$ cat run_29.txt   # compact mmCIF, C-alpha atoms
# COMPACT_ATOMS: atom_id res chain seq x y z
CA VAL A 1 0.00 0.00 0.00
CA ARG A 2 1.42 3.37 -0.98
CA SER A 3 1.87 6.02 1.66
CA PRO A 4 0.00 9.36 1.31
CA GLN A 5 3.34 11.03 0.55
CA ALA A 6 4.01 8.61 -2.31
CA ARG A 7 0.51 9.11 -3.72
CA ASN A 8 0.90 12.89 -3.64
CA MET A 9 4.32 12.66 -5.30
CA ALA A 10 2.82 10.51 -8.05
CA ARG A 11 0.00 13.00 -8.58
CA TRP A 12 2.36 15.96 -8.96
CA LEU A 13 4.57 13.93 -11.29
CA ILE A 14 1.57 13.31 -13.53
CA ILE A 15 0.64 16.99 -13.38
CA SER A 16 4.16 18.09 -14.32
CA LEU A 17 4.22 15.67 -17.27
CA LEU A 18 0.74 16.50 -18.55
CA GLY A 19 0.54 20.15 -17.54
CA LEU A 20 2.05 21.48 -20.76
CA HIS A 21 1.03 18.81 -23.26
CA GLY A 22 -2.15 17.19 -21.96
CA ALA A 23 -3.61 20.52 -20.92
CA LEU A 24 -3.27 21.82 -24.45
CA GLY A 25 -4.91 18.76 -25.94
CA PHE A 26 -7.83 18.55 -23.52
CA GLY A 27 -8.36 22.23 -22.75
CA LEU A 28 -7.25 21.83 -19.14
CA THR A 29 -5.04 24.22 -17.23
CA PRO A 30 -2.48 22.85 -14.73
CA THR A 31 -4.78 24.09 -11.95
CA ARG A 32 -7.67 22.01 -13.30
CA LEU A 33 -5.38 19.01 -13.65
CA ALA A 34 -4.38 19.32 -10.01
CA ARG A 35 -8.04 19.21 -9.01
CA ALA A 36 -8.83 16.31 -11.26
CA VAL A 37 -5.87 14.18 -10.16
CA GLY A 38 -6.38 14.97 -6.49
CA SER A 39 -10.18 14.64 -6.53
CA GLY A 40 -10.05 11.89 -3.92
CA GLN A 41 -8.31 14.08 -1.40
CA SER A 42 -9.79 16.85 0.71
CA SER A 43 -6.89 19.17 -0.15
CA LEU A 44 -3.51 19.35 -1.84
CA ARG A 45 -0.74 21.07 0.05
CA MET A 46 1.90 23.02 -1.81
CA VAL A 47 5.51 22.41 -0.83
CA GLY A 48 7.83 25.24 0.23
CA GLU A 49 5.36 27.63 1.84
CA GLY A 50 7.08 30.19 4.03
CA ALA A 51 7.87 33.83 4.57
CA ALA A 52 10.68 35.73 2.91
CA ASP A 53 13.45 37.42 4.86
CA TYR A 54 13.33 41.20 4.52
CA LEU A 55 16.08 43.78 4.80
CA ASP A 56 16.23 46.50 7.44
CA LEU A 57 14.06 48.96 5.51
CA ASP A 58 13.58 52.73 5.79
CA GLY A 59 10.70 53.98 3.65
CA THR A 60 11.26 57.68 4.27
CA GLY A 61 10.49 59.54 1.04
CA VAL A 62 9.02 56.47 -0.68
CA ARG A 63 5.68 57.08 -2.44
CA VAL A 64 3.32 54.11 -2.32
CA ALA A 65 0.08 53.68 -4.26
CA ILE A 66 -2.43 51.04 -3.19
CA VAL A 67 -5.07 49.88 -5.68
CA LYS A 68 -7.76 47.75 -4.06
CA ALA A 69 -10.45 45.60 -5.69
CA ARG A 70 -13.90 45.94 -4.12
CA TRP A 71 -14.86 42.31 -4.83
CA ASN A 72 -14.63 40.33 -1.56
CA GLU A 73 -14.26 43.75 0.03
CA GLU A 74 -14.02 42.66 3.65
CA VAL A 75 -10.95 40.55 2.88
CA CYS A 76 -9.38 43.30 0.74
CA ASP A 77 -10.00 45.97 3.38
CA SER A 78 -8.21 43.84 5.96
CA LEU A 79 -5.26 43.34 3.60
CA VAL A 80 -5.02 47.09 2.97
CA GLU A 81 -5.11 47.67 6.71
CA GLY A 82 -2.12 45.35 7.07
CA CYS A 83 -0.34 47.22 4.28
CA ARG A 84 -0.90 50.65 5.80
CA SER A 85 0.10 49.57 9.31
CA THR A 86 3.38 48.08 8.11
CA LEU A 87 4.16 51.00 5.80
CA THR A 88 3.85 53.31 8.80
CA GLN A 89 6.22 51.09 10.78
CA LEU A 90 8.70 51.34 7.88
CA LYS A 91 8.61 55.18 8.14
CA VAL A 92 6.56 55.80 5.00
CA GLN A 93 4.83 59.12 5.63
CA LYS A 94 1.04 59.12 5.67
CA GLU A 95 0.91 61.77 2.95
CA ASN A 96 3.01 59.50 0.72
CA ILE A 97 0.41 56.71 0.74
CA PHE A 98 -2.30 57.00 -1.90
CA GLU A 99 -5.24 54.60 -2.10
CA THR A 100 -7.86 54.05 -4.76
CA SER A 101 -10.19 51.21 -5.69
CA VAL A 102 -11.58 49.41 -8.73
CA PRO A 103 -14.58 47.06 -9.09
CA GLY A 104 -12.67 43.77 -9.23
CA SER A 105 -9.27 42.14 -9.63
CA PHE A 106 -9.55 42.08 -13.43
CA GLU A 107 -9.41 45.89 -13.43
CA LEU A 108 -6.22 46.04 -11.34
CA PRO A 109 -3.67 45.88 -14.21
CA LEU A 110 -5.12 48.86 -16.11
CA ALA A 111 -5.47 50.95 -12.95
CA ALA A 112 -1.88 50.08 -12.03
CA ARG A 113 -0.72 51.11 -15.49
CA PHE A 114 -2.48 54.48 -15.22
CA LEU A 115 -0.74 55.10 -11.89
CA ALA A 116 2.65 53.99 -13.20
CA LEU A 117 2.40 56.27 -16.23
CA SER A 118 1.41 59.21 -14.03
CA GLY A 119 4.85 59.05 -12.39
CA THR A 120 3.41 59.84 -8.97
CA ALA A 121 4.34 56.57 -7.23
CA ASP A 122 7.60 54.73 -6.66
CA VAL A 123 5.77 51.43 -6.19
CA ILE A 124 2.22 50.12 -6.56
CA ILE A 125 0.56 47.51 -4.34
CA THR A 126 -2.42 45.82 -5.98
CA VAL A 127 -4.84 44.14 -3.59
CA GLY A 128 -7.54 41.67 -4.58
CA CYS A 129 -9.13 38.38 -3.60
CA LEU A 130 -10.18 35.62 -6.00
CA ILE A 131 -11.99 32.55 -4.70
CA ASP A 132 -12.41 29.41 -6.79
CA GLY A 133 -15.85 28.36 -7.96
CA GLU A 134 -17.47 25.72 -10.13
CA THR A 135 -16.39 27.12 -13.50
CA THR A 136 -13.08 28.04 -15.14
CA HIS A 137 -13.70 31.73 -14.39
CA PHE A 138 -11.22 31.60 -11.49
CA ASP A 139 -8.40 30.29 -13.71
CA VAL A 140 -9.08 32.79 -16.49
CA ILE A 141 -9.14 35.81 -14.18
CA SER A 142 -6.23 34.83 -11.92
CA ASN A 143 -3.93 34.06 -14.87
CA ALA A 144 -4.91 37.25 -16.72
CA VAL A 145 -4.42 39.45 -13.66
CA ALA A 146 -1.02 37.96 -12.80
CA LYS A 147 0.22 38.37 -16.37
CA GLY A 148 -1.23 41.89 -16.65
CA LEU A 149 0.38 43.12 -13.45
CA MET A 150 3.75 41.62 -14.38
CA ASP A 151 3.57 43.37 -17.76
CA VAL A 152 2.84 46.74 -16.14
CA GLY A 153 5.92 46.47 -13.97
CA LEU A 154 8.20 45.40 -16.82
CA GLN A 155 6.88 47.97 -19.29
CA THR A 156 6.89 50.99 -16.97
CA ALA A 157 9.85 50.21 -14.68
CA THR A 158 7.53 50.81 -11.74
CA PRO A 159 7.43 47.89 -9.28
CA VAL A 160 3.99 46.34 -8.98
CA VAL A 161 3.41 44.11 -5.95
CA PHE A 162 1.08 41.17 -6.65
CA GLY A 163 -1.24 41.37 -3.66
CA VAL A 164 -4.03 39.19 -5.04
CA LEU A 165 -5.09 36.20 -2.96
CA THR A 166 -6.07 33.18 -5.07
CA CYS A 167 -7.87 30.85 -2.70
CA LYS A 168 -10.06 27.78 -2.90
CA THR A 169 -12.37 28.87 -0.06
CA MET A 170 -13.34 31.98 1.88
CA GLU A 171 -11.83 30.36 4.98
CA GLN A 172 -8.44 30.30 3.24
CA ALA A 173 -8.83 33.97 2.29
CA ILE A 174 -9.67 34.97 5.87
CA ALA A 175 -6.68 33.02 7.21
CA ARG A 176 -4.41 34.98 4.84
CA SER A 177 -5.89 38.41 5.53
CA SER A 178 -6.32 38.42 9.29
CA ALA A 179 -3.62 38.45 11.95
CA THR A 180 -6.02 36.85 14.42
CA ALA A 181 -7.18 34.05 12.10
CA GLY A 182 -3.76 33.37 10.59
CA HIS A 183 -1.43 35.89 8.96
CA ASN A 184 -2.19 39.15 7.18
CA HIS A 185 -0.22 39.02 3.93
CA GLY A 186 -0.73 42.75 3.50
CA GLU A 187 2.16 43.16 5.94
CA ASP A 188 4.49 41.20 3.64
CA TRP A 189 3.35 43.11 0.56
CA ALA A 190 4.14 46.43 2.29
CA LYS A 191 7.69 45.27 3.07
CA THR A 192 8.12 44.05 -0.51
CA ALA A 193 6.83 47.39 -1.80
CA VAL A 194 9.31 49.47 0.19
CA GLU A 195 12.22 47.20 -0.74
CA MET A 196 11.37 47.30 -4.44
CA ALA A 197 10.83 51.07 -4.37
CA LEU A 198 14.26 51.56 -2.81
CA LEU A 199 15.76 49.21 -5.39
CA ARG A 200 14.12 51.13 -8.24
CA ASN A 201 15.11 54.54 -6.93
CA SER A 202 18.65 53.38 -6.29
CA ALA A 203 18.92 51.98 -9.82
CA LEU A 204 17.54 55.16 -11.36
CA GLY A 205 19.82 57.41 -9.30
CA LYS A 206 17.08 58.98 -7.21
CA PHE A 207 18.82 58.13 -3.95
CA LYS A 208 22.41 59.05 -3.13
CA GLN A 209 23.35 55.66 -1.72
CA GLY A 210 22.95 52.55 -3.83
CA THR A 211 22.39 50.27 -0.85
CA LEU A 212 20.39 47.66 -2.72
CA GLY A 213 22.92 46.50 -5.28
CA PHE A 214 23.34 49.56 -7.49
CA ASN A 215 26.43 51.71 -7.00
CA VAL A 216 25.32 55.30 -7.32
CA ASN A 217 28.01 57.97 -7.05
CA ALA A 218 27.87 59.26 -3.50
CA GLU A 219 28.80 62.74 -4.73
CA SER A 220 25.90 62.87 -7.14
CA LYS A 221 23.56 65.79 -6.69
CA SER A 222 20.53 63.49 -6.84
CA SER A 223 18.52 63.23 -3.69
CA THR A 224 15.35 61.69 -2.34
CA PRO A 225 12.49 62.95 -4.50
CA ALA A 226 10.01 65.37 -3.02
CA PRO A 227 6.80 63.63 -1.94
CA GLY A 228 4.64 65.51 -4.41
CA LYS A 229 1.01 64.67 -4.97
CA LEU A 230 0.00 61.05 -5.39
CA GLY A 231 -2.76 59.76 -7.59
CA PHE A 232 -4.21 60.70 -10.92
$ encode --input "run_29.txt" --output "C-alpha cells"
Amino acid sequence: VRSPQARNMARWLIISLLGLHGALGFGLTPTRLARAVGSGQSSLRMVGEGAADYLDLDGTGVRVAIVKARWNEEVCDSLVEGCRSTLTQLKVQKENIFETSVPGSFELPLAARFLALSGTADVIITVGCLIDGETTHFDVISNAVAKGLMDVGLQTATPVVFGVLTCKTMEQAIARSSATAGHNHGEDWAKTAVEMALLRNSALGKFKQGTLGFNVNAESKSSTPAPGKLGF
C-alpha cells in the first residue's frame, strides 16, 4: 500500500508531465489538472510555503500607491489595513500613501498602469481576492491578472506588488488576511513594496546611496524625491 506522501508525489509527477502537453490537448489548465488528479483528497498542500526574509528597511520619502479591488471587500479591506500599518512602521509618511479602488481584480492591471504612467508613485501595491468556484472563471481571471500586473511592472519600470489572494475557499482567504485568524499578507506586501521602491530609486539614481545592489556615485547631486502629490 502506498503512503500518502508517495501518492501525492505521483500526482504531482503526472501533473508536471501533462501540464504542458495534456492541458493543451484537452483544454485543461495545470490548476484544473491538479483538481482532477487529487479529486479523492480533501486538499492538496503546496511544498515550500514560508515567509521571505526582509532587509532592514527605511521607507522615508518612498511614495506608495495602493489599488484595491472591491470584490470580496471585507478581505481586501483587511489586507489594505495590514499594508498601511506596516508602511507606517517602515517610516513611509502618511501623505506618501495614496489609495484608490476598482470594481474587481480584473481591473487592477489597467489601474496600475495608469498610476505607473502618471509618475506619482515609486511602487504600486495591488490588492484583490479571488476565490475558486465551479467554473473556469477563477483560472481565467487569476492568470490574466497575474500576467497583466507583471507586464505593467516590466513595461513601466515601476514595481507592482502582486497582492491578489487566489484561494479555494473563503476560509483560506480569511486566514491569509487576518492576523487573528492566521497571517495578514498585506504586511508582507508592504515590506516588498518598500524594498522594491528603494531598489528602483537606487537603480535610477534617485537616492544618493545605492544600498540595494546599485552603485550610485555618492557625490551625485541626486537626492530623495520630493513627496509631491499622489494619484491621478
$ closest_residue --input "run_29.txt" --among "A:Ala121, A:Leu110, A:Ala193, A:Ile131" --to "Glu171 (chain A)" --atoms "all atoms listed in the file"
A:Ile131
$ closest_residue --input "run_29.txt" --among "A:Asn184, A:Thr156, A:Gln89, A:Thr169" --to "Asp122 (chain A)" --atoms "all atoms listed in the file"
A:Thr156
$ residues_around --input "run_29.txt" --residues "region 75-78 of chain A" --least-positions-apart "6" --cutoff "9 Å" --atoms "all atoms listed in the file" --output "number ranges by chain"
A: 68-69, 127-129, 164, 170, 173-174, 176-178, 184, 186
$ residues_around --input "run_29.txt" --residues "region 93-108 of chain A" --least-positions-apart "2" --cutoff "7 Å" --atoms "only C-alpha atoms" --output "VMD selection string"
chain A and resid 60 62 to 71 88 91 110 to 112 126 128 141 145 227 230 to 231
$ closest_residue --input "run_29.txt" --among "A:Met150, A:Cys167, A:Ala175, A:Ile125" --to "Cys83 (chain A)" --atoms "only C-alpha atoms"
A:Ile125
$ atom_distance --input "run_29.txt" --atom1 "CA of Gly82 (chain A)" --atom2 "CA of His185 (chain A)"
7.3 Å
$ atom_distance --input "run_29.txt" --atom1 "CA of Arg84 (chain A)" --atom2 "CA of Asn72 (chain A)"
18.7 Å
$ residues_around --input "run_29.txt" --residues "Asn143 (chain A)" --least-positions-apart "2" --cutoff "12 Å" --atoms "all atoms listed in the file" --output "list in words"
Thr29, Pro30, Thr31, Ser105, Phe106, Pro109, Leu130, Thr136, His137, Phe138, Asp139, Val140, Ile141, Val145, Ala146, Lys147, Gly148, Leu149, Met150, Phe162, Val164 and Thr166 of chain A
$ closest_residue --input "run_29.txt" --among "A:Ala179, A:Gly205, A:Val194, A:Thr158" --to "Leu79 (chain A)" --atoms "all atoms listed in the file"
A:Ala179
$ atom_distance --input "run_29.txt" --atom1 "CA of Arg113 (chain A)" --atom2 "CA of Lys168 (chain A)"
28.1 Å
